[in-house]
$ cat input-v3.cif   # mmCIF, N, CA and C atoms
data_entry
#
loop_
_atom_site.label_atom_id
_atom_site.label_comp_id
_atom_site.auth_asym_id
_atom_site.auth_seq_id
_atom_site.Cartn_x
_atom_site.Cartn_y
_atom_site.Cartn_z
N MET A 452 100.33 6.64 89.26
CA MET A 452 99.28 6.70 90.21
C MET A 452 98.05 6.01 89.63
N LEU A 453 97.43 5.15 90.40
CA LEU A 453 96.26 4.41 89.95
C LEU A 453 95.01 5.25 90.15
N ALA A 454 94.17 5.23 89.12
CA ALA A 454 92.90 5.95 89.23
C ALA A 454 91.91 5.05 89.97
N GLU A 455 91.14 5.66 90.78
CA GLU A 455 90.13 4.92 91.54
C GLU A 455 88.78 5.09 90.87
N PHE A 456 88.08 3.97 90.76
CA PHE A 456 86.76 3.98 90.16
C PHE A 456 85.72 3.78 91.25
N GLY A 457 84.69 4.56 91.20
CA GLY A 457 83.59 4.40 92.14
C GLY A 457 82.50 3.53 91.53
N TRP A 458 81.48 3.29 92.29
CA TRP A 458 80.37 2.46 91.82
C TRP A 458 79.68 3.08 90.62
N VAL A 459 79.58 4.37 90.60
CA VAL A 459 78.91 5.05 89.49
C VAL A 459 79.70 4.86 88.19
N ASP A 460 81.01 4.98 88.24
CA ASP A 460 81.84 4.78 87.07
C ASP A 460 81.77 3.32 86.58
N TRP A 461 81.82 2.40 87.52
CA TRP A 461 81.75 0.99 87.18
C TRP A 461 80.41 0.65 86.53
N LEU A 462 79.30 1.12 87.08
CA LEU A 462 77.98 0.88 86.51
C LEU A 462 77.84 1.53 85.14
N SER A 463 78.42 2.68 84.97
CA SER A 463 78.38 3.35 83.66
C SER A 463 79.11 2.53 82.61
N MET A 464 80.28 2.00 82.95
CA MET A 464 81.04 1.17 82.00
C MET A 464 80.28 -0.12 81.67
N MET A 465 79.73 -0.77 82.67
CA MET A 465 78.99 -2.01 82.45
C MET A 465 77.72 -1.74 81.63
N GLY A 466 77.06 -0.64 81.90
CA GLY A 466 75.86 -0.28 81.12
C GLY A 466 76.21 -0.03 79.66
N SER A 467 77.32 0.64 79.40
CA SER A 467 77.76 0.89 78.03
C SER A 467 78.11 -0.43 77.33
N PHE A 468 78.76 -1.32 78.04
CA PHE A 468 79.12 -2.63 77.47
C PHE A 468 77.86 -3.42 77.10
N VAL A 469 76.90 -3.47 77.99
CA VAL A 469 75.65 -4.19 77.73
C VAL A 469 74.91 -3.56 76.55
N PHE A 470 74.91 -2.23 76.46
CA PHE A 470 74.26 -1.53 75.36
C PHE A 470 74.90 -1.88 74.01
N VAL A 471 76.23 -1.92 73.96
CA VAL A 471 76.94 -2.26 72.72
C VAL A 471 76.65 -3.71 72.32
N ILE A 472 76.63 -4.62 73.26
CA ILE A 472 76.33 -6.03 72.97
C ILE A 472 74.90 -6.17 72.46
N ALA A 473 73.96 -5.45 73.06
CA ALA A 473 72.56 -5.48 72.61
C ALA A 473 72.44 -4.95 71.19
N LEU A 474 73.16 -3.89 70.85
CA LEU A 474 73.15 -3.36 69.49
C LEU A 474 73.72 -4.37 68.50
N LEU A 475 74.76 -5.07 68.89
CA LEU A 475 75.36 -6.09 68.04
C LEU A 475 74.38 -7.22 67.76
N VAL A 476 73.71 -7.71 68.79
CA VAL A 476 72.74 -8.78 68.63
C VAL A 476 71.58 -8.32 67.76
N ALA A 477 71.08 -7.10 67.97
CA ALA A 477 69.99 -6.57 67.16
C ALA A 477 70.41 -6.45 65.69
N THR A 478 71.63 -6.02 65.44
CA THR A 478 72.12 -5.91 64.06
C THR A 478 72.22 -7.27 63.40
N LEU A 479 72.73 -8.27 64.11
CA LEU A 479 72.84 -9.61 63.55
C LEU A 479 71.47 -10.21 63.24
N LEU A 480 70.50 -10.01 64.14
CA LEU A 480 69.15 -10.51 63.89
C LEU A 480 68.51 -9.81 62.70
N MET A 481 68.73 -8.52 62.56
CA MET A 481 68.18 -7.78 61.44
C MET A 481 68.80 -8.25 60.12
N LEU A 482 70.12 -8.47 60.12
CA LEU A 482 70.78 -8.97 58.90
C LEU A 482 70.27 -10.35 58.52
N LYS A 483 70.03 -11.20 59.50
CA LYS A 483 69.52 -12.53 59.23
C LYS A 483 68.12 -12.46 58.64
N LYS A 484 67.30 -11.59 59.18
CA LYS A 484 65.92 -11.46 58.70
C LYS A 484 65.87 -10.84 57.32
N MET A 485 66.72 -9.87 57.04
CA MET A 485 66.68 -9.16 55.77
C MET A 485 67.56 -9.77 54.69
N GLY A 486 68.36 -10.78 55.05
CA GLY A 486 69.29 -11.39 54.11
C GLY A 486 68.58 -12.21 53.06
N PRO A 487 69.35 -12.74 52.09
CA PRO A 487 68.73 -13.55 51.04
C PRO A 487 68.14 -14.83 51.62
N ARG A 488 67.03 -15.22 51.09
CA ARG A 488 66.34 -16.41 51.59
C ARG A 488 66.64 -17.58 50.67
N VAL A 489 67.11 -18.67 51.24
CA VAL A 489 67.41 -19.87 50.48
C VAL A 489 66.09 -20.57 50.17
N GLY A 490 65.87 -20.89 48.92
CA GLY A 490 64.68 -21.61 48.52
C GLY A 490 63.45 -20.73 48.39
N ALA A 491 63.61 -19.42 48.36
CA ALA A 491 62.46 -18.53 48.23
C ALA A 491 61.83 -18.70 46.85
N VAL A 492 60.51 -18.74 46.83
CA VAL A 492 59.79 -18.90 45.58
C VAL A 492 59.61 -17.53 44.95
N ASN A 493 60.06 -17.40 43.71
CA ASN A 493 59.90 -16.15 42.99
C ASN A 493 59.94 -16.45 41.50
N ASN A 494 59.94 -15.43 40.69
CA ASN A 494 59.89 -15.60 39.24
C ASN A 494 61.27 -15.60 38.60
N ARG A 495 62.30 -15.88 39.33
CA ARG A 495 63.65 -15.94 38.78
C ARG A 495 63.86 -17.26 38.06
N ARG A 496 64.80 -17.24 37.11
CA ARG A 496 65.12 -18.47 36.39
C ARG A 496 66.14 -19.31 37.16
N LEU A 497 66.87 -18.71 38.09
CA LEU A 497 67.87 -19.42 38.88
C LEU A 497 67.49 -19.33 40.35
N ASN A 498 67.30 -20.50 40.97
CA ASN A 498 66.97 -20.56 42.40
C ASN A 498 67.86 -21.58 43.08
N ILE A 499 68.22 -21.28 44.31
CA ILE A 499 68.95 -22.24 45.14
C ILE A 499 67.91 -23.04 45.90
N ILE A 500 67.85 -24.34 45.63
CA ILE A 500 66.86 -25.19 46.29
C ILE A 500 67.37 -25.65 47.64
N GLU A 501 68.62 -26.09 47.67
CA GLU A 501 69.17 -26.63 48.91
C GLU A 501 70.68 -26.50 48.91
N ILE A 502 71.25 -26.32 50.11
CA ILE A 502 72.70 -26.25 50.29
C ILE A 502 73.08 -27.27 51.36
N GLN A 503 74.08 -28.09 51.06
CA GLN A 503 74.58 -29.07 52.03
C GLN A 503 76.06 -28.83 52.24
N ASN A 504 76.46 -28.49 53.45
CA ASN A 504 77.86 -28.30 53.77
C ASN A 504 78.52 -29.67 53.95
N LEU A 505 79.63 -29.87 53.26
CA LEU A 505 80.37 -31.13 53.37
C LEU A 505 81.59 -31.01 54.25
N GLY A 506 82.08 -29.82 54.43
CA GLY A 506 83.26 -29.58 55.23
C GLY A 506 83.40 -28.09 55.45
N ALA A 507 84.58 -27.70 55.88
CA ALA A 507 84.80 -26.28 56.17
C ALA A 507 84.66 -25.42 54.92
N ARG A 508 85.11 -25.93 53.77
CA ARG A 508 85.09 -25.10 52.56
C ARG A 508 84.50 -25.83 51.36
N GLN A 509 83.76 -26.92 51.59
CA GLN A 509 83.14 -27.67 50.51
C GLN A 509 81.64 -27.70 50.71
N LYS A 510 80.89 -27.51 49.61
CA LYS A 510 79.44 -27.51 49.67
C LYS A 510 78.87 -28.21 48.45
N LEU A 511 77.66 -28.74 48.62
CA LEU A 511 76.85 -29.20 47.51
C LEU A 511 75.67 -28.25 47.40
N LEU A 512 75.38 -27.80 46.18
CA LEU A 512 74.26 -26.92 45.95
C LEU A 512 73.32 -27.58 44.95
N LEU A 513 72.05 -27.61 45.27
CA LEU A 513 71.03 -28.07 44.35
C LEU A 513 70.33 -26.83 43.82
N LEU A 514 70.50 -26.58 42.51
CA LEU A 514 69.99 -25.37 41.89
C LEU A 514 68.86 -25.72 40.94
N SER A 515 67.95 -24.78 40.76
CA SER A 515 66.92 -24.89 39.76
C SER A 515 67.21 -23.85 38.69
N VAL A 516 67.46 -24.32 37.47
CA VAL A 516 67.78 -23.43 36.35
C VAL A 516 66.79 -23.73 35.23
N ASN A 517 65.90 -22.79 34.94
CA ASN A 517 64.89 -22.97 33.88
C ASN A 517 64.14 -24.29 34.05
N ASN A 518 63.69 -24.59 35.24
CA ASN A 518 62.94 -25.80 35.59
C ASN A 518 63.75 -27.08 35.52
N ASP A 519 65.05 -27.00 35.31
CA ASP A 519 65.95 -28.15 35.42
C ASP A 519 66.64 -28.07 36.77
N GLN A 520 66.94 -29.22 37.36
CA GLN A 520 67.68 -29.24 38.60
C GLN A 520 69.13 -29.61 38.30
N VAL A 521 70.04 -28.83 38.87
CA VAL A 521 71.47 -29.03 38.65
C VAL A 521 72.14 -29.20 40.00
N LEU A 522 72.93 -30.26 40.15
CA LEU A 522 73.71 -30.49 41.37
C LEU A 522 75.12 -29.98 41.11
N VAL A 523 75.58 -29.07 41.98
CA VAL A 523 76.87 -28.40 41.80
C VAL A 523 77.72 -28.62 43.05
N GLY A 524 78.99 -28.95 42.86
CA GLY A 524 79.94 -29.04 43.95
C GLY A 524 80.77 -27.77 44.00
N LEU A 525 80.89 -27.20 45.18
CA LEU A 525 81.61 -25.94 45.37
C LEU A 525 82.76 -26.18 46.33
N SER A 526 83.99 -25.85 45.88
CA SER A 526 85.18 -26.02 46.71
C SER A 526 86.12 -24.86 46.45
N PRO A 527 87.19 -24.73 47.24
CA PRO A 527 88.14 -23.64 46.99
C PRO A 527 88.79 -23.73 45.61
N GLN A 528 88.86 -24.92 45.02
CA GLN A 528 89.48 -25.07 43.71
C GLN A 528 88.56 -24.65 42.57
N GLY A 529 87.26 -24.61 42.82
CA GLY A 529 86.33 -24.20 41.77
C GLY A 529 84.95 -24.80 41.95
N ILE A 530 84.14 -24.66 40.90
CA ILE A 530 82.77 -25.16 40.87
C ILE A 530 82.69 -26.28 39.85
N THR A 531 82.04 -27.39 40.24
CA THR A 531 81.93 -28.54 39.37
C THR A 531 80.47 -28.95 39.25
N SER A 532 79.99 -29.11 38.03
CA SER A 532 78.64 -29.62 37.81
C SER A 532 78.67 -31.14 38.00
N LEU A 533 77.82 -31.65 38.90
CA LEU A 533 77.82 -33.07 39.21
C LEU A 533 76.68 -33.83 38.56
N GLY A 534 75.64 -33.12 38.14
CA GLY A 534 74.52 -33.79 37.50
C GLY A 534 73.44 -32.80 37.14
N ARG A 535 72.58 -33.23 36.20
CA ARG A 535 71.49 -32.37 35.74
C ARG A 535 70.26 -33.24 35.52
N TRP A 536 69.11 -32.79 36.01
CA TRP A 536 67.86 -33.51 35.87
C TRP A 536 66.80 -32.58 35.32
N GLY A 537 66.07 -33.07 34.33
CA GLY A 537 64.96 -32.31 33.77
C GLY A 537 63.75 -32.40 34.69
N PRO A 538 62.70 -31.64 34.38
CA PRO A 538 61.52 -31.64 35.24
C PRO A 538 60.77 -32.98 35.24
N ASP A 539 60.89 -33.78 34.16
CA ASP A 539 60.17 -35.04 34.10
C ASP A 539 61.03 -36.25 34.43
N GLU A 540 62.31 -36.05 34.72
CA GLU A 540 63.21 -37.15 35.04
C GLU A 540 63.31 -37.31 36.55
N GLN A 541 63.55 -38.54 36.97
CA GLN A 541 63.75 -38.82 38.38
C GLN A 541 65.20 -39.21 38.60
N ILE A 542 65.69 -38.95 39.79
CA ILE A 542 67.09 -39.23 40.10
C ILE A 542 67.39 -40.72 39.99
N GLY A 543 66.48 -41.58 40.41
CA GLY A 543 66.69 -43.03 40.35
C GLY A 543 66.87 -43.53 38.93
N ASP A 544 66.12 -42.97 37.95
CA ASP A 544 66.25 -43.38 36.56
C ASP A 544 67.61 -43.02 36.00
N LEU A 545 68.11 -41.83 36.32
CA LEU A 545 69.42 -41.40 35.84
C LEU A 545 70.54 -42.20 36.49
N ALA A 546 70.34 -42.59 37.73
CA ALA A 546 71.39 -43.31 38.45
C ALA A 546 71.66 -44.66 37.80
N ALA A 547 70.63 -45.33 37.32
CA ALA A 547 70.82 -46.63 36.69
C ALA A 547 71.61 -46.48 35.40
N ALA A 548 71.38 -45.41 34.65
CA ALA A 548 72.09 -45.19 33.40
C ALA A 548 73.54 -44.78 33.65
N ASP A 549 73.78 -44.00 34.70
CA ASP A 549 75.12 -43.49 34.98
C ASP A 549 76.01 -44.47 35.71
N LEU A 550 75.46 -45.39 36.47
CA LEU A 550 76.26 -46.28 37.32
C LEU A 550 76.37 -47.68 36.72
N ASP A 551 76.98 -47.80 35.56
CA ASP A 551 77.21 -49.10 34.96
C ASP A 551 78.61 -49.59 35.33
N LEU A 552 78.82 -49.77 36.61
CA LEU A 552 80.11 -50.21 37.12
C LEU A 552 79.94 -51.51 37.88
N GLU A 553 81.05 -52.15 38.18
CA GLU A 553 81.00 -53.33 39.01
C GLU A 553 80.49 -52.93 40.39
N GLY A 554 79.59 -53.70 40.93
CA GLY A 554 79.07 -53.42 42.26
C GLY A 554 78.05 -52.30 42.27
N ALA A 555 77.47 -51.97 41.11
CA ALA A 555 76.48 -50.89 41.07
C ALA A 555 75.23 -51.33 41.83
N VAL A 556 74.59 -50.37 42.42
CA VAL A 556 73.39 -50.63 43.21
C VAL A 556 72.19 -50.72 42.27
N PRO A 557 71.28 -51.70 42.46
CA PRO A 557 70.10 -51.80 41.61
C PRO A 557 69.19 -50.59 41.75
N ASP A 558 68.28 -50.43 40.74
CA ASP A 558 67.35 -49.30 40.72
C ASP A 558 66.53 -49.19 42.00
N SER A 559 66.09 -50.30 42.53
CA SER A 559 65.19 -50.27 43.67
C SER A 559 65.86 -49.68 44.91
N GLN A 560 67.19 -49.69 44.96
CA GLN A 560 67.88 -49.17 46.13
C GLN A 560 68.32 -47.72 45.97
N LEU A 561 68.14 -47.12 44.79
CA LEU A 561 68.55 -45.74 44.55
C LEU A 561 67.33 -44.81 44.58
N ASN A 562 66.55 -44.90 45.62
CA ASN A 562 65.33 -44.11 45.70
C ASN A 562 65.60 -42.68 46.12
N THR A 563 66.58 -42.49 46.94
CA THR A 563 66.78 -41.16 47.51
C THR A 563 68.08 -40.56 47.02
N PHE A 564 68.13 -39.25 47.09
CA PHE A 564 69.32 -38.51 46.70
C PHE A 564 70.50 -38.89 47.59
N LYS A 565 70.23 -39.12 48.86
CA LYS A 565 71.30 -39.48 49.79
C LYS A 565 71.97 -40.79 49.38
N GLN A 566 71.18 -41.76 48.96
CA GLN A 566 71.75 -43.03 48.53
C GLN A 566 72.53 -42.87 47.24
N LEU A 567 72.01 -42.06 46.31
CA LEU A 567 72.71 -41.81 45.06
C LEU A 567 74.05 -41.13 45.31
N LEU A 568 74.05 -40.14 46.21
CA LEU A 568 75.28 -39.42 46.52
C LEU A 568 76.30 -40.34 47.19
N SER A 569 75.85 -41.16 48.12
CA SER A 569 76.80 -42.06 48.79
C SER A 569 77.37 -43.09 47.80
N GLN A 570 76.57 -43.57 46.85
CA GLN A 570 77.07 -44.51 45.85
C GLN A 570 78.09 -43.81 44.93
N THR A 571 77.81 -42.56 44.56
CA THR A 571 78.73 -41.81 43.70
C THR A 571 80.05 -41.55 44.39
N ILE A 572 80.01 -41.24 45.68
CA ILE A 572 81.22 -40.98 46.44
C ILE A 572 82.05 -42.24 46.60
N LYS A 573 81.41 -43.39 46.74
CA LYS A 573 82.12 -44.66 46.90
C LYS A 573 82.90 -45.04 45.65
N ARG A 574 82.47 -44.55 44.47
CA ARG A 574 83.17 -44.88 43.23
C ARG A 574 84.52 -44.35 43.30
#
$ encode --input "input-v3.cif" --output "structure tokens"
Amino acid sequence: MLAEFGWVDWLSMMGSFVFVIALLVATLLMLKKMGPRVGAVNNRRLNIIEIQNLGARQKLLLLSVNNDQVLVGLSPQGITSLGRWGPDEQIGDLAAADLDLEGAVPDSQLNTFKQLLSQTIKR
């Protein structure tokens, strides 16, 4: 035998559904607000400066460790250090020393991290 639902029962179910969805959204917003902040300035020796997603499970992380910047590759196989820069070094200066290969890009063209990364990936 089929149970019959009246308007009051239907409105009660829909109201409960909307209430549960509102609680879910409020919880997600609260978690986002209270979660760890990327790039937050504090007195820690280790800070995450930037995160770049490369794929579903691959990331590049730019970390600050004792005032040095470290570029780290993160994948399901492990963590790989890709480069390290001191506080007084620039990425363009290191790129010229590291890229002594055929077809290397001159110093004047390695101004940005994006260009350095694309040149490194092309190798």
$ residues_around --input "input-v3.cif" --residues "range 519-535 of chain A" --least-positions-apart "4" --cutoff "7 Å" --atoms "only N, CA and C atoms" --output "ChimeraX atom specification"
/A:508-515
$ atom_distance --input "input-v3.cif" --atom1 "atom N of Ala477 in chain A" --atom2 "CA of Leu462 in chain A"
21.3 Å
$ atom_distance --input "input-v3.cif" --atom1 "atom N of Phe564 in chain A" --atom2 "CA of Gln503 in chain A"
13.0 Å
$ select_by_dssp --input "input-v3.cif" --residues "range 502-531 of chain A" --states "strand (DSSP E or B)" --output "list of chain:residue names"
A:Ile502, A:Gln503, A:Asn504, A:Lys510, A:Leu511, A:Leu512, A:Leu513, A:Leu514, A:Ser515, A:Val516, A:Asp519, A:Gln520, A:Val521, A:Leu522, A:Val523, A:Gly524, A:Leu525, A:Ser526, A:Gly529, A:Ile530, A:Thr531
$ atom_distance --input "input-v3.cif" --atom1 "atom C of Glu501 in chain A" --atom2 "atom C of Val476 in chain A"
26.2 Å
